[in-house]
file work_26.txt (compact mmCIF, C-alpha atoms and all ligand atoms)
# COMPACT_ATOMS: atom_id res chain seq x y z
CA MET A 974 -155.82 -37.84 182.59
CA ILE A 975 -152.69 -35.76 182.40
CA ALA A 976 -150.72 -38.91 181.61
CA ILE A 977 -153.11 -39.74 178.74
CA GLU A 978 -152.91 -36.20 177.41
CA ASN A 979 -149.11 -36.33 177.66
CA ALA A 980 -149.01 -39.60 175.76
CA ARG A 981 -151.26 -38.13 173.02
CA LEU A 982 -149.08 -35.04 172.78
CA PHE A 983 -145.98 -37.14 172.74
CA ASN A 984 -147.32 -39.29 169.90
CA ALA A 985 -148.49 -36.26 167.94
CA LEU A 986 -145.12 -34.68 168.42
CA ARG A 987 -143.32 -37.81 167.29
CA ALA A 988 -145.47 -38.05 164.17
CA ARG A 989 -144.86 -34.40 163.38
CA THR A 990 -141.12 -34.79 163.93
CA ALA A 991 -140.98 -37.77 161.61
CA GLU A 992 -142.92 -35.80 159.02
CA LEU A 993 -140.59 -32.83 159.37
CA GLY A 994 -137.60 -35.13 159.17
CA ARG A 995 -138.92 -36.53 155.91
CA SER A 996 -139.51 -33.05 154.48
CA VAL A 997 -136.02 -31.99 155.49
CA ASP A 998 -134.55 -35.11 153.90
CA GLU A 999 -136.52 -34.47 150.78
CA LEU A 1000 -135.54 -30.83 150.62
CA GLN A 1001 -131.94 -31.66 151.18
CA MET A 1002 -132.06 -34.31 148.49
CA LEU A 1003 -133.71 -31.93 146.06
CA SER A 1004 -131.13 -29.29 146.74
CA GLU A 1005 -128.31 -31.79 146.27
CA VAL A 1006 -129.82 -32.93 143.01
CA GLY A 1007 -130.31 -29.33 141.97
CA GLN A 1008 -126.73 -28.46 142.77
CA ALA A 1009 -125.40 -31.48 140.95
CA VAL A 1010 -127.59 -30.80 137.93
CA SER A 1011 -126.61 -27.21 137.70
CA SER A 1012 -122.97 -27.92 138.39
CA THR A 1013 -122.91 -30.46 135.59
CA LEU A 1014 -125.03 -28.53 133.14
CA ASP A 1015 -123.62 -25.09 133.73
CA LEU A 1016 -121.61 -24.70 130.54
CA ARG A 1017 -119.38 -22.01 131.97
CA ALA A 1018 -118.42 -24.17 134.92
CA VAL A 1019 -117.72 -27.10 132.62
CA LEU A 1020 -115.62 -24.88 130.34
CA SER A 1021 -113.74 -23.46 133.27
CA THR A 1022 -112.94 -26.97 134.56
CA ILE A 1023 -111.85 -28.07 131.11
CA LEU A 1024 -109.64 -25.02 130.74
CA THR A 1025 -108.01 -25.35 134.16
CA ARG A 1026 -107.31 -29.03 133.47
CA SER A 1027 -105.92 -28.26 130.00
CA VAL A 1028 -103.56 -25.66 131.46
CA GLY A 1029 -102.37 -28.18 134.06
CA LEU A 1030 -101.97 -31.04 131.59
CA ALA A 1031 -100.03 -28.89 129.14
CA GLY A 1032 -97.68 -27.56 131.83
CA ALA A 1033 -98.80 -24.03 130.93
CA GLU A 1034 -99.34 -21.11 133.31
CA ALA A 1035 -102.56 -19.71 131.92
CA GLY A 1036 -105.26 -20.30 129.37
CA LEU A 1037 -108.08 -18.54 127.54
CA ILE A 1038 -111.19 -19.60 125.67
CA PHE A 1039 -112.58 -17.41 122.93
CA ARG A 1040 -115.77 -17.98 121.01
CA TYR A 1041 -116.09 -17.03 117.39
CA SER A 1042 -118.94 -14.72 116.46
CA ARG A 1043 -119.85 -15.17 112.85
CA PRO A 1044 -122.00 -12.05 112.42
CA GLU A 1045 -119.23 -9.86 113.82
CA ARG A 1046 -116.43 -11.90 112.22
CA ALA A 1047 -114.57 -11.55 115.50
CA PHE A 1048 -113.46 -13.50 118.55
CA ARG A 1049 -115.09 -12.83 121.91
CA PHE A 1050 -113.62 -13.65 125.30
CA VAL A 1051 -115.37 -16.46 127.25
CA GLU A 1052 -113.21 -17.79 130.05
CA ALA A 1053 -109.69 -17.55 131.49
CA ALA A 1054 -107.60 -19.65 133.86
CA GLY A 1055 -104.54 -18.43 135.74
CA TYR A 1056 -105.40 -14.77 135.18
CA THR A 1057 -105.36 -11.96 137.76
CA GLU A 1058 -108.37 -9.62 138.02
CA ALA A 1059 -106.46 -6.87 136.21
CA MET A 1060 -105.43 -9.19 133.36
CA LEU A 1061 -109.00 -10.45 133.12
CA ARG A 1062 -110.37 -6.93 132.78
CA GLU A 1063 -107.96 -6.20 129.95
CA VAL A 1064 -108.42 -9.37 127.99
CA SER A 1065 -112.20 -9.45 128.31
CA ALA A 1066 -112.45 -5.96 126.84
CA LEU A 1067 -110.47 -6.86 123.71
CA ASP A 1068 -112.17 -6.75 120.36
CA ILE A 1069 -110.36 -9.21 118.10
CA PRO A 1070 -111.30 -9.26 114.44
CA GLU A 1071 -111.16 -12.67 112.74
CA ASN A 1072 -107.78 -12.33 110.99
CA MET A 1073 -105.90 -10.08 113.37
CA THR A 1074 -104.19 -12.76 115.48
CA GLY A 1075 -102.91 -16.35 115.31
CA MET A 1076 -106.46 -17.46 116.15
CA GLY A 1077 -107.54 -16.73 112.57
CA GLU A 1078 -104.64 -18.84 111.24
CA ALA A 1079 -105.38 -21.79 113.55
CA ILE A 1080 -109.04 -21.74 112.56
CA ALA A 1081 -108.27 -21.49 108.84
CA ARG A 1082 -105.85 -24.44 109.06
CA ARG A 1083 -108.11 -26.33 111.46
CA ALA A 1084 -104.93 -27.35 113.29
CA PRO A 1085 -103.15 -26.19 116.46
CA LEU A 1086 -100.76 -23.29 115.99
CA GLN A 1087 -97.53 -22.98 117.97
CA ILE A 1088 -96.09 -19.54 118.65
CA PRO A 1089 -92.70 -20.28 120.32
CA ASP A 1090 -91.92 -16.61 120.89
CA LEU A 1091 -94.61 -13.96 120.96
CA ARG A 1092 -92.02 -11.21 120.53
CA GLU A 1093 -91.47 -12.36 116.97
CA ARG A 1094 -95.11 -11.82 116.03
CA ALA A 1095 -96.46 -8.58 114.61
CA PRO A 1096 -98.05 -6.43 117.33
CA ASN A 1097 -101.80 -6.86 117.99
CA PRO A 1098 -103.82 -6.19 121.16
CA LEU A 1099 -103.95 -9.83 122.30
CA ARG A 1100 -100.22 -10.42 121.74
CA ASP A 1101 -99.34 -7.14 123.44
CA GLN A 1102 -101.54 -7.94 126.44
CA ALA A 1103 -99.99 -11.43 126.76
CA LEU A 1104 -96.44 -10.05 126.53
CA ALA A 1105 -97.24 -7.38 129.11
CA ALA A 1106 -98.59 -10.10 131.42
CA GLY A 1107 -95.26 -11.94 131.09
CA PHE A 1108 -96.20 -14.72 128.65
CA ARG A 1109 -93.74 -15.69 125.93
CA SER A 1110 -95.04 -18.79 124.12
CA VAL A 1111 -98.57 -19.87 123.23
CA LEU A 1112 -100.41 -22.79 121.72
CA ILE A 1113 -103.65 -21.98 119.94
CA VAL A 1114 -106.06 -24.90 119.54
CA PRO A 1115 -109.01 -24.31 117.21
CA LEU A 1116 -112.42 -25.52 118.40
CA VAL A 1117 -114.16 -26.58 115.24
CA GLY A 1118 -117.51 -28.39 115.20
CA ALA A 1119 -118.86 -30.54 112.39
CA ASP A 1120 -119.97 -27.60 110.32
CA ARG A 1121 -118.95 -24.45 112.09
CA ILE A 1122 -116.21 -22.64 113.92
CA LEU A 1123 -116.84 -22.55 117.65
CA GLY A 1124 -113.76 -20.67 118.85
CA THR A 1125 -110.30 -21.35 120.23
CA THR A 1126 -108.48 -22.44 123.35
CA ILE A 1127 -105.18 -20.65 123.98
CA LEU A 1128 -102.55 -22.01 126.36
CA GLN A 1129 -99.86 -19.60 127.54
CA ARG A 1130 -96.41 -20.12 129.09
CA ARG A 1131 -93.81 -17.77 130.49
CA ALA A 1132 -90.97 -19.70 128.84
CA THR A 1133 -90.23 -19.50 125.13
CA GLY A 1134 -90.26 -22.56 122.87
CA GLU A 1135 -92.75 -25.01 121.39
CA PHE A 1136 -95.18 -27.05 123.46
CA PRO A 1137 -94.19 -30.74 123.42
CA PRO A 1138 -96.07 -32.85 120.83
CA GLU A 1139 -97.92 -34.83 123.57
CA THR A 1140 -99.66 -31.59 124.55
CA VAL A 1141 -100.98 -31.04 121.09
CA GLN A 1142 -102.16 -34.66 120.91
CA HIS A 1143 -103.65 -35.26 124.34
CA LYS A 1144 -107.19 -34.38 123.28
CA SER A 1145 -108.47 -37.95 123.19
CA GLN A 1146 -106.99 -38.92 126.53
CA PHE A 1147 -108.33 -35.72 128.00
CA LEU A 1148 -111.80 -36.29 126.55
CA ALA A 1149 -111.79 -39.81 127.92
CA ASN A 1150 -110.99 -38.54 131.44
CA MET A 1151 -113.41 -35.67 131.21
CA SER A 1152 -116.28 -37.83 129.99
CA HIS A 1153 -115.66 -40.22 132.84
CA GLU A 1154 -115.76 -37.40 135.37
CA LEU A 1155 -119.00 -36.05 133.95
CA ARG A 1156 -120.58 -39.47 133.87
CA THR A 1157 -120.12 -40.28 137.54
CA PRO A 1158 -122.14 -37.37 138.99
CA LEU A 1159 -124.68 -37.69 136.22
CA ASN A 1160 -125.33 -41.30 137.16
CA ALA A 1161 -125.89 -40.17 140.75
CA ILE A 1162 -128.36 -37.51 139.58
CA LEU A 1163 -130.29 -40.03 137.54
CA GLY A 1164 -130.28 -42.47 140.43
CA TYR A 1165 -131.67 -39.93 142.90
CA ALA A 1166 -134.21 -38.67 140.39
CA GLU A 1167 -135.47 -42.21 139.95
CA LEU A 1168 -135.81 -42.72 143.71
CA LEU A 1169 -137.74 -39.46 143.98
CA VAL A 1170 -140.08 -40.41 141.14
CA ASP A 1171 -140.63 -43.79 142.76
CA GLY A 1172 -141.84 -42.01 145.90
CA ILE A 1173 -139.09 -43.37 148.15
CA TYR A 1174 -138.75 -39.93 149.75
CA GLY A 1175 -142.47 -39.30 150.03
CA VAL A 1176 -145.33 -38.96 147.61
CA MET A 1177 -144.97 -36.12 145.15
CA THR A 1178 -147.57 -33.92 143.59
CA GLU A 1179 -147.85 -33.73 139.81
CA ARG A 1180 -145.82 -30.55 139.26
CA PRO A 1181 -142.54 -31.55 140.88
CA LYS A 1182 -143.02 -34.98 139.36
CA GLY A 1183 -143.25 -33.41 135.91
CA VAL A 1184 -140.10 -31.42 136.53
CA LEU A 1185 -138.28 -34.52 137.75
CA GLU A 1186 -139.28 -36.37 134.62
CA ARG A 1187 -137.74 -33.60 132.58
CA ILE A 1188 -134.55 -33.89 134.64
CA GLN A 1189 -134.58 -37.60 133.89
CA ASN A 1190 -135.10 -37.16 130.16
CA ASN A 1191 -132.43 -34.51 129.79
CA GLY A 1192 -130.09 -36.43 132.05
CA ARG A 1193 -130.48 -39.60 130.01
CA HIS A 1194 -129.84 -37.69 126.80
CA LEU A 1195 -126.72 -36.14 128.26
CA LEU A 1196 -125.55 -39.53 129.53
CA ALA A 1197 -126.00 -41.07 126.06
CA LEU A 1198 -123.99 -38.22 124.59
CA ILE A 1199 -121.24 -38.57 127.16
CA ASN A 1200 -121.10 -42.34 126.68
CA ASP A 1201 -120.73 -41.85 122.94
CA VAL A 1202 -118.02 -39.24 123.36
CA LEU A 1203 -116.26 -41.53 125.83
CA ASP A 1204 -116.30 -44.43 123.37
CA LEU A 1205 -115.02 -42.27 120.57
CA ALA A 1206 -112.31 -40.72 122.71
CA LYS A 1207 -111.20 -44.16 123.84
CA ILE A 1208 -111.03 -45.36 120.26
CA GLU A 1209 -108.96 -42.31 119.30
CA ALA A 1210 -106.66 -42.65 122.29
CA GLY A 1211 -106.12 -46.30 121.31
CA GLN A 1212 -107.61 -47.38 124.64
CA LEU A 1213 -110.53 -49.30 123.30
CA THR A 1214 -109.21 -52.81 123.10
CA LEU A 1215 -111.08 -55.80 121.85
CA THR A 1216 -112.00 -58.69 124.10
CA LEU A 1217 -111.88 -61.71 121.85
CA GLU A 1218 -113.89 -64.79 122.70
CA ASP A 1219 -116.01 -67.48 121.07
CA TYR A 1220 -119.63 -66.46 120.85
CA SER A 1221 -122.85 -67.30 119.06
CA LEU A 1222 -124.09 -64.71 116.58
CA PRO A 1223 -127.72 -65.94 116.74
CA GLU A 1224 -127.57 -65.32 120.50
CA VAL A 1225 -126.32 -61.76 119.95
CA VAL A 1226 -129.17 -61.17 117.50
CA GLN A 1227 -131.65 -62.57 120.02
CA THR A 1228 -130.35 -60.29 122.79
CA VAL A 1229 -130.73 -57.26 120.55
CA VAL A 1230 -134.26 -58.29 119.56
CA THR A 1231 -135.24 -58.69 123.21
CA ALA A 1232 -133.79 -55.28 124.07
CA THR A 1233 -135.47 -53.41 121.21
CA GLU A 1234 -138.80 -55.20 120.90
CA PRO A 1235 -140.58 -52.93 123.41
CA LEU A 1236 -139.48 -49.86 121.42
CA ALA A 1237 -140.80 -51.35 118.16
CA THR A 1238 -144.07 -52.44 119.76
CA ALA A 1239 -144.59 -49.00 121.27
CA LYS A 1240 -144.36 -47.50 117.76
CA GLY A 1241 -146.56 -50.19 116.19
CA LEU A 1242 -143.66 -51.55 114.10
CA LYS A 1243 -143.09 -55.20 113.27
CA LEU A 1244 -139.63 -56.39 114.32
CA THR A 1245 -138.38 -59.68 112.91
CA ALA A 1246 -135.09 -61.57 112.86
CA GLN A 1247 -134.09 -64.17 110.30
CA VAL A 1248 -130.88 -65.97 111.06
CA GLN A 1249 -129.58 -68.68 108.75
CA ASP A 1250 -129.53 -72.19 110.26
CA ALA A 1251 -126.30 -73.83 111.36
CA MET A 1252 -124.25 -70.64 111.69
CA PRO A 1253 -120.60 -71.27 112.56
CA MET A 1254 -119.37 -70.29 116.03
CA ALA A 1255 -118.03 -66.74 115.95
CA HIS A 1256 -114.75 -65.52 117.43
CA GLY A 1257 -114.52 -61.79 118.13
CA ASP A 1258 -115.70 -59.09 120.52
CA ALA A 1259 -119.32 -60.10 121.21
CA ARG A 1260 -120.11 -57.03 123.28
CA ARG A 1261 -118.98 -54.65 120.54
CA VAL A 1262 -120.89 -56.59 117.90
CA SER A 1263 -124.08 -56.32 119.99
CA GLN A 1264 -123.43 -52.62 120.51
CA VAL A 1265 -123.21 -52.08 116.73
CA LEU A 1266 -126.32 -54.14 116.03
CA LEU A 1267 -128.20 -52.42 118.85
CA ASN A 1268 -127.33 -49.07 117.36
CA LEU A 1269 -128.47 -50.03 113.85
CA VAL A 1270 -131.73 -51.55 115.07
CA GLY A 1271 -132.26 -48.59 117.42
CA ASN A 1272 -131.84 -46.17 114.51
CA ALA A 1273 -134.12 -48.22 112.26
CA ILE A 1274 -136.87 -48.12 114.89
CA LYS A 1275 -136.26 -44.47 115.69
CA PHE A 1276 -136.46 -43.23 112.11
CA THR A 1277 -139.28 -45.52 110.89
CA ASP A 1278 -142.86 -44.46 111.58
CA THR A 1279 -144.78 -47.24 109.83
CA GLY A 1280 -143.97 -50.71 108.55
CA GLU A 1281 -141.23 -53.00 109.74
CA VAL A 1282 -137.65 -53.54 110.77
CA GLU A 1283 -135.95 -56.78 109.81
CA ILE A 1284 -132.64 -58.20 111.01
CA ARG A 1285 -130.99 -60.80 108.83
CA GLY A 1286 -127.92 -62.86 109.64
CA ALA A 1287 -126.01 -65.23 107.38
CA ALA A 1288 -122.53 -66.69 106.98
CA ASP A 1289 -120.82 -66.66 103.63
CA ARG A 1290 -117.25 -67.74 102.80
CA GLY A 1291 -115.72 -67.08 106.20
CA GLN A 1292 -117.70 -63.88 106.77
CA PHE A 1293 -120.83 -62.99 108.64
CA VAL A 1294 -123.28 -60.71 106.91
CA LEU A 1295 -125.65 -58.85 109.24
CA GLU A 1296 -128.35 -56.67 107.74
CA VAL A 1297 -130.84 -54.29 109.30
CA ARG A 1298 -133.58 -53.29 106.88
CA ASP A 1299 -136.30 -50.72 107.60
CA THR A 1300 -139.24 -49.16 105.80
CA GLY A 1301 -138.34 -45.67 107.04
CA PRO A 1302 -137.68 -42.41 105.19
CA GLY A 1303 -134.53 -43.63 103.41
CA ILE A 1304 -131.27 -41.74 102.97
CA ALA A 1305 -130.34 -39.71 99.89
CA ASP A 1306 -127.20 -40.72 97.96
CA ALA A 1307 -125.43 -37.53 98.92
CA ASP A 1308 -125.80 -38.29 102.64
CA GLN A 1309 -124.92 -41.98 102.61
CA GLU A 1310 -121.20 -41.63 103.22
CA ARG A 1311 -121.43 -38.60 105.46
CA ILE A 1312 -123.62 -40.18 108.15
CA PHE A 1313 -120.75 -42.47 109.16
CA GLY A 1314 -118.73 -39.38 110.18
CA GLU A 1315 -118.63 -38.00 113.71
CA PHE A 1316 -121.50 -35.67 114.69
CA GLN A 1317 -123.04 -36.05 111.22
CA GLN A 1318 -126.79 -36.10 110.95
CA ILE A 1319 -129.04 -35.57 107.98
CA ASP A 1320 -130.21 -32.01 108.17
CA ASN A 1321 -133.98 -32.32 108.09
CA SER A 1322 -136.82 -31.80 110.47
CA ASN A 1323 -137.28 -35.56 110.88
CA THR A 1324 -133.76 -36.04 112.28
CA ARG A 1325 -134.04 -32.98 114.49
CA GLN A 1326 -137.35 -34.17 115.86
CA LYS A 1327 -136.04 -37.67 116.59
CA GLY A 1328 -133.01 -36.41 118.49
CA GLY A 1329 -129.69 -38.21 118.81
CA THR A 1330 -126.03 -37.32 118.82
CA GLY A 1331 -124.81 -38.20 115.34
CA LEU A 1332 -122.14 -40.40 116.90
CA GLY A 1333 -123.73 -43.85 116.81
CA LEU A 1334 -122.76 -44.73 113.24
CA ALA A 1335 -119.25 -43.26 113.58
CA ILE A 1336 -118.65 -45.43 116.64
CA SER A 1337 -120.20 -48.48 114.96
CA LYS A 1338 -117.93 -48.01 111.96
CA ARG A 1339 -114.83 -47.89 114.14
CA MET A 1340 -115.91 -50.94 116.12
CA VAL A 1341 -116.58 -52.95 112.98
CA GLU A 1342 -113.32 -51.86 111.35
CA MET A 1343 -111.34 -52.75 114.47
CA GLN A 1344 -112.54 -56.30 113.91
CA GLY A 1345 -111.51 -56.29 110.25
CA GLY A 1346 -115.06 -55.75 108.96
CA THR A 1347 -116.98 -53.18 106.93
CA ILE A 1348 -120.25 -51.31 107.35
CA SER A 1349 -122.31 -49.78 104.55
CA VAL A 1350 -125.80 -48.60 103.68
CA GLU A 1351 -128.03 -49.14 100.70
CA SER A 1352 -130.94 -46.75 100.47
CA ALA A 1353 -132.93 -44.24 98.47
CA LEU A 1354 -135.26 -41.51 99.67
CA GLY A 1355 -138.70 -42.92 100.35
CA GLN A 1356 -137.46 -46.51 99.90
CA GLY A 1357 -136.30 -47.41 103.40
CA SER A 1358 -132.71 -48.28 104.29
CA THR A 1359 -130.60 -51.40 104.66
CA PHE A 1360 -127.46 -51.19 106.79
CA ARG A 1361 -125.01 -54.05 106.19
CA VAL A 1362 -122.18 -55.20 108.44
CA VAL A 1363 -119.68 -57.73 107.11
CA LEU A 1364 -117.42 -59.30 109.75
CA PRO A 1365 -114.84 -62.06 109.62
CA VAL A 1366 -116.23 -65.17 111.37
CA HIS A 1367 -112.89 -65.43 113.13
CA VAL A 1368 -111.38 -62.13 114.28
CA ASP A 1369 -107.74 -62.81 115.14
CA GLU A 1370 -105.11 -61.06 117.21
CA MET A 1371 -103.44 -59.70 114.08
CA MET A 1372 -106.34 -57.37 113.43
CA GLU A 1373 -106.41 -56.25 117.00
CA ALA A 1374 -102.67 -55.56 116.93
CA ALA A 1375 -103.03 -53.61 113.70
CA GLU A 1376 -105.18 -51.01 115.43
P1 LIG B 1401 -128.02 -40.34 115.71
O1 LIG B 1401 -129.03 -41.39 115.36
O2 LIG B 1401 -127.69 -40.32 117.16
O3 LIG B 1401 -128.33 -38.99 115.15
P2 LIG B 1401 -126.18 -41.89 114.05
O4 LIG B 1401 -124.72 -41.72 113.80
O5 LIG B 1401 -126.63 -43.22 114.55
O6 LIG B 1401 -126.61 -40.74 115.03
O7 LIG B 1401 -126.94 -41.57 112.71
C1 LIG B 1401 -126.57 -40.42 111.95
C2 LIG B 1401 -127.72 -39.95 111.09
O8 LIG B 1401 -127.98 -40.86 110.03
C3 LIG B 1401 -129.04 -39.82 111.81
O9 LIG B 1401 -129.14 -38.61 112.51
C4 LIG B 1401 -130.04 -39.88 110.65
O10 LIG B 1401 -130.11 -38.62 110.03
C5 LIG B 1401 -129.37 -40.87 109.69
N1 LIG B 1401 -129.87 -42.25 109.87
C6 LIG B 1401 -129.29 -43.26 110.59
N2 LIG B 1401 -129.99 -44.39 110.51
C7 LIG B 1401 -131.07 -44.13 109.72
C8 LIG B 1401 -132.17 -44.91 109.25
N3 LIG B 1401 -132.33 -46.21 109.58
N4 LIG B 1401 -133.09 -44.27 108.45
C9 LIG B 1401 -132.94 -42.98 108.10
N5 LIG B 1401 -131.92 -42.19 108.52
C10 LIG B 1401 -130.99 -42.75 109.31
call {"tool": "encode", "arguments": {"input": "work_26.txt", "output": "structure tokens"}}
result
Amino acid sequence: MIAIENARLFNALRARTAELGRSVDELQMLSEVGQAVSSTLDLRAVLSTILTRSVGLAGAEAGLIFRYSRPERAFRFVEAAGYTEAMLREVSALDIPENMTGMGEAIARRAPLQIPDLRERAPNPLRDQALAAGFRSVLIVPLVGADRILGTTILQRRATGEFPPETVQHKSQFLANMSHELRTPLNAILGYAELLVDGIYGVMTERPKGVLERIQNNGRHLLALINDVLDLAKIEAGQLTLTLEDYSLPEVVQTVVTATEPLATAKGLKLTAQVQDAMPMAHGDARRVSQVLLNLVGNAIKFTDTGEVEIRGAADRGQFVLEVRDTGPGIADADQERIFGEFQQIDNSNTRQKGGTGLGLAISKRMVEMQGGTISVESALGQGSTFRVVLPVHVDEMMEAAE
């Protein structure tokens, strides 16, 4: 009897322990995910990392980030690296009107400003504070977005003299590294979130599940943004090289159709592809061509609410002509050139509602141009849009070398 009771207790205990173990695992996982999410999404932490790295890369001793406040027409302190508590207190209390320091000049010129010797500048509170802290030379880098001034990064050194030109130009390389470092933990977050949603760590009730789905959506959006920035930074740093091979354009079109069909179907749109018979074999970077086509078809589906999206492919006098036509809202003349620029989106509620980064077309343009091609759009408001890519059938090494 006692033995039976012991066995029952033992089993109950084992079940309870297993259950507890699972809860602990789950809690630990959630806290890890939480930490990773907040460490990646905490803007201040990201800025601080960026600043510390910039200071290191530039061989400087300290650095500052200021944000520009438009209503006050002044710069406000955000973050410092290499500063003592006392220096921090001083610099964070400074009130710096727009045109008082070199920051105003750098912003107005939209270009980095070198100050080889601070002693030669007219006195102002920021200069005086830097001199008192022992700094002699500074580099002011303006942070300018597509349509507004964000602020400045200032790098400071104890020695006099200009910063070497590599410092002023390392932005792309730096962005490429940074994007890579952000992408790795983000992929882990998305991976864990997916496992949690799939119930691998135990069944979840609706509320945490809803929250996890939001983590997933935001995480995916951030990942898309980081991937775009990474591509762009690589292009700028001259690191995006083409991989040239023979490939079949109809096959590329088919892959893109297969990838985007579910999106079109979900929106009730008709997606068709018409590729001319007997297309010549292509020679170029197949992966980049699919990426461009995927982006154009993705946009067409995203911005079109009713009707259809059609892909057309043809070869004409040594060139491929790829077209993506939609029955969406169309693009006004004034916006047609602009949308191929970085971070450029049409400013209307439709675009805002559909989301996106404003980088897809800029990246597509660079990828097409690297292969000696062109990209353009034909459209009018209310008339749908047709994006056209013209590519040499045979992309040769010359074009690659020219980049
Ligand atoms: P994203 O789509 O991520 O915003 P893109 O660079 O791909 O960035 O596109 C830039 C902008 O061009 C979009 O935000 C949108 O305003 C406009 N656009 C692109 N494709 C279309 C289209 N097929 N129909 C209407 N507007 C478009």
call {"tool": "residues_around", "arguments": {"input": "work_26.txt", "residues": "Arg1046 of chain A", "least_positions_apart": "6", "cutoff": "10 Å", "atoms": "all atoms listed in the file", "output": "VMD selection string"}}
result
chain A and resid 1069 to 1072
call {"tool": "closest_residue", "arguments": {"input": "work_26.txt", "among": "A:Leu1067, A:Val1282, A:Leu1364, A:Ala1031", "to": "Ala1259 of chain A", "atoms": "all atoms listed in the file"}}
result
A:Leu1364
call {"tool": "residues_near_ligand", "arguments": {"input": "work_26.txt", "ligand": "ligand LIG 1401 (chain B)", "cutoff": "7 Å", "atoms": "only C-alpha atoms and all ligand atoms", "output": "PyMOL selection string"}}
result
chain A and resi 1268-1269+1272-1273+1276-1277+1299+1301-1304+1312-1313+1316-1320+1324+1328-1335+1357-1358
call {"tool": "write_last_selection", "arguments": {"input": "work_26.txt", "atoms": "C-alpha atoms", "output": "PDB file, keeping the file's coordinate frame"}}
result
ATOM      1  CA  ASN A1268    -127.330 -49.070 117.360  1.00  0.00           C
ATOM      2  CA  LEU A1269    -128.470 -50.030 113.850  1.00  0.00           C
ATOM      3  CA  ASN A1272    -131.840 -46.170 114.510  1.00  0.00           C
ATOM      4  CA  ALA A1273    -134.120 -48.220 112.260  1.00  0.00           C
ATOM      5  CA  PHE A1276    -136.460 -43.230 112.110  1.00  0.00           C
ATOM      6  CA  THR A1277    -139.280 -45.520 110.890  1.00  0.00           C
ATOM      7  CA  ASP A1299    -136.300 -50.720 107.600  1.00  0.00           C
ATOM      8  CA  GLY A1301    -138.340 -45.670 107.040  1.00  0.00           C
ATOM      9  CA  PRO A1302    -137.680 -42.410 105.190  1.00  0.00           C
ATOM     10  CA  GLY A1303    -134.530 -43.630 103.410  1.00  0.00           C
ATOM     11  CA  ILE A1304    -131.270 -41.740 102.970  1.00  0.00           C
ATOM     12  CA  ILE A1312    -123.620 -40.180 108.150  1.00  0.00           C
ATOM     13  CA  PHE A1313    -120.750 -42.470 109.160  1.00  0.00           C
ATOM     14  CA  PHE A1316    -121.500 -35.670 114.690  1.00  0.00           C
ATOM     15  CA  GLN A1317    -123.040 -36.050 111.220  1.00  0.00           C
ATOM     16  CA  GLN A1318    -126.790 -36.100 110.950  1.00  0.00           C
ATOM     17  CA  ILE A1319    -129.040 -35.570 107.980  1.00  0.00           C
ATOM     18  CA  ASP A1320    -130.210 -32.010 108.170  1.00  0.00           C
ATOM     19  CA  THR A1324    -133.760 -36.040 112.280  1.00  0.00           C
ATOM     20  CA  GLY A1328    -133.010 -36.410 118.490  1.00  0.00           C
ATOM     21  CA  GLY A1329    -129.690 -38.210 118.810  1.00  0.00           C
ATOM     22  CA  THR A1330    -126.030 -37.320 118.820  1.00  0.00           C
ATOM     23  CA  GLY A1331    -124.810 -38.200 115.340  1.00  0.00           C
ATOM     24  CA  LEU A1332    -122.140 -40.400 116.900  1.00  0.00           C
ATOM     25  CA  GLY A1333    -123.730 -43.850 116.810  1.00  0.00           C
ATOM     26  CA  LEU A1334    -122.760 -44.730 113.240  1.00  0.00           C
ATOM     27  CA  ALA A1335    -119.250 -43.260 113.580  1.00  0.00           C
ATOM     28  CA  GLY A1357    -136.300 -47.410 103.400  1.00  0.00           C
ATOM     29  CA  SER A1358    -132.710 -48.280 104.290  1.00  0.00           C
TER      30      SER A1358
END
call {"tool": "atom_distance", "arguments": {"input": "work_26.txt", "atom1": "atom CA of Ile1162 of chain A", "atom2": "atom CA of Thr1233 of chain A"}}
result
25.3 Å
call {"tool": "closest_residue", "arguments": {"input": "work_26.txt", "among": "A:Asp1219, A:Asp1278, A:Glu1342, A:Glu1224", "to": "Val1366 of chain A", "atoms": "all atoms listed in the file"}}
result
A:Asp1219
call {"tool": "closest_residue", "arguments": {"input": "work_26.txt", "among": "A:Gln1264, A:Gln1249, A:Thr1157, A:Gln1356", "to": "Asp1204 of chain A", "atoms": "only C-alpha atoms"}}
result
A:Gln1264
call {"tool": "closest_residue", "arguments": {"input": "work_26.txt", "among": "A:Gly1192, A:Gly1164, A:Gly1032, A:Pro1085", "to": "Arg1131 of chain A", "atoms": "only C-alpha atoms"}}
result
A:Gly1032
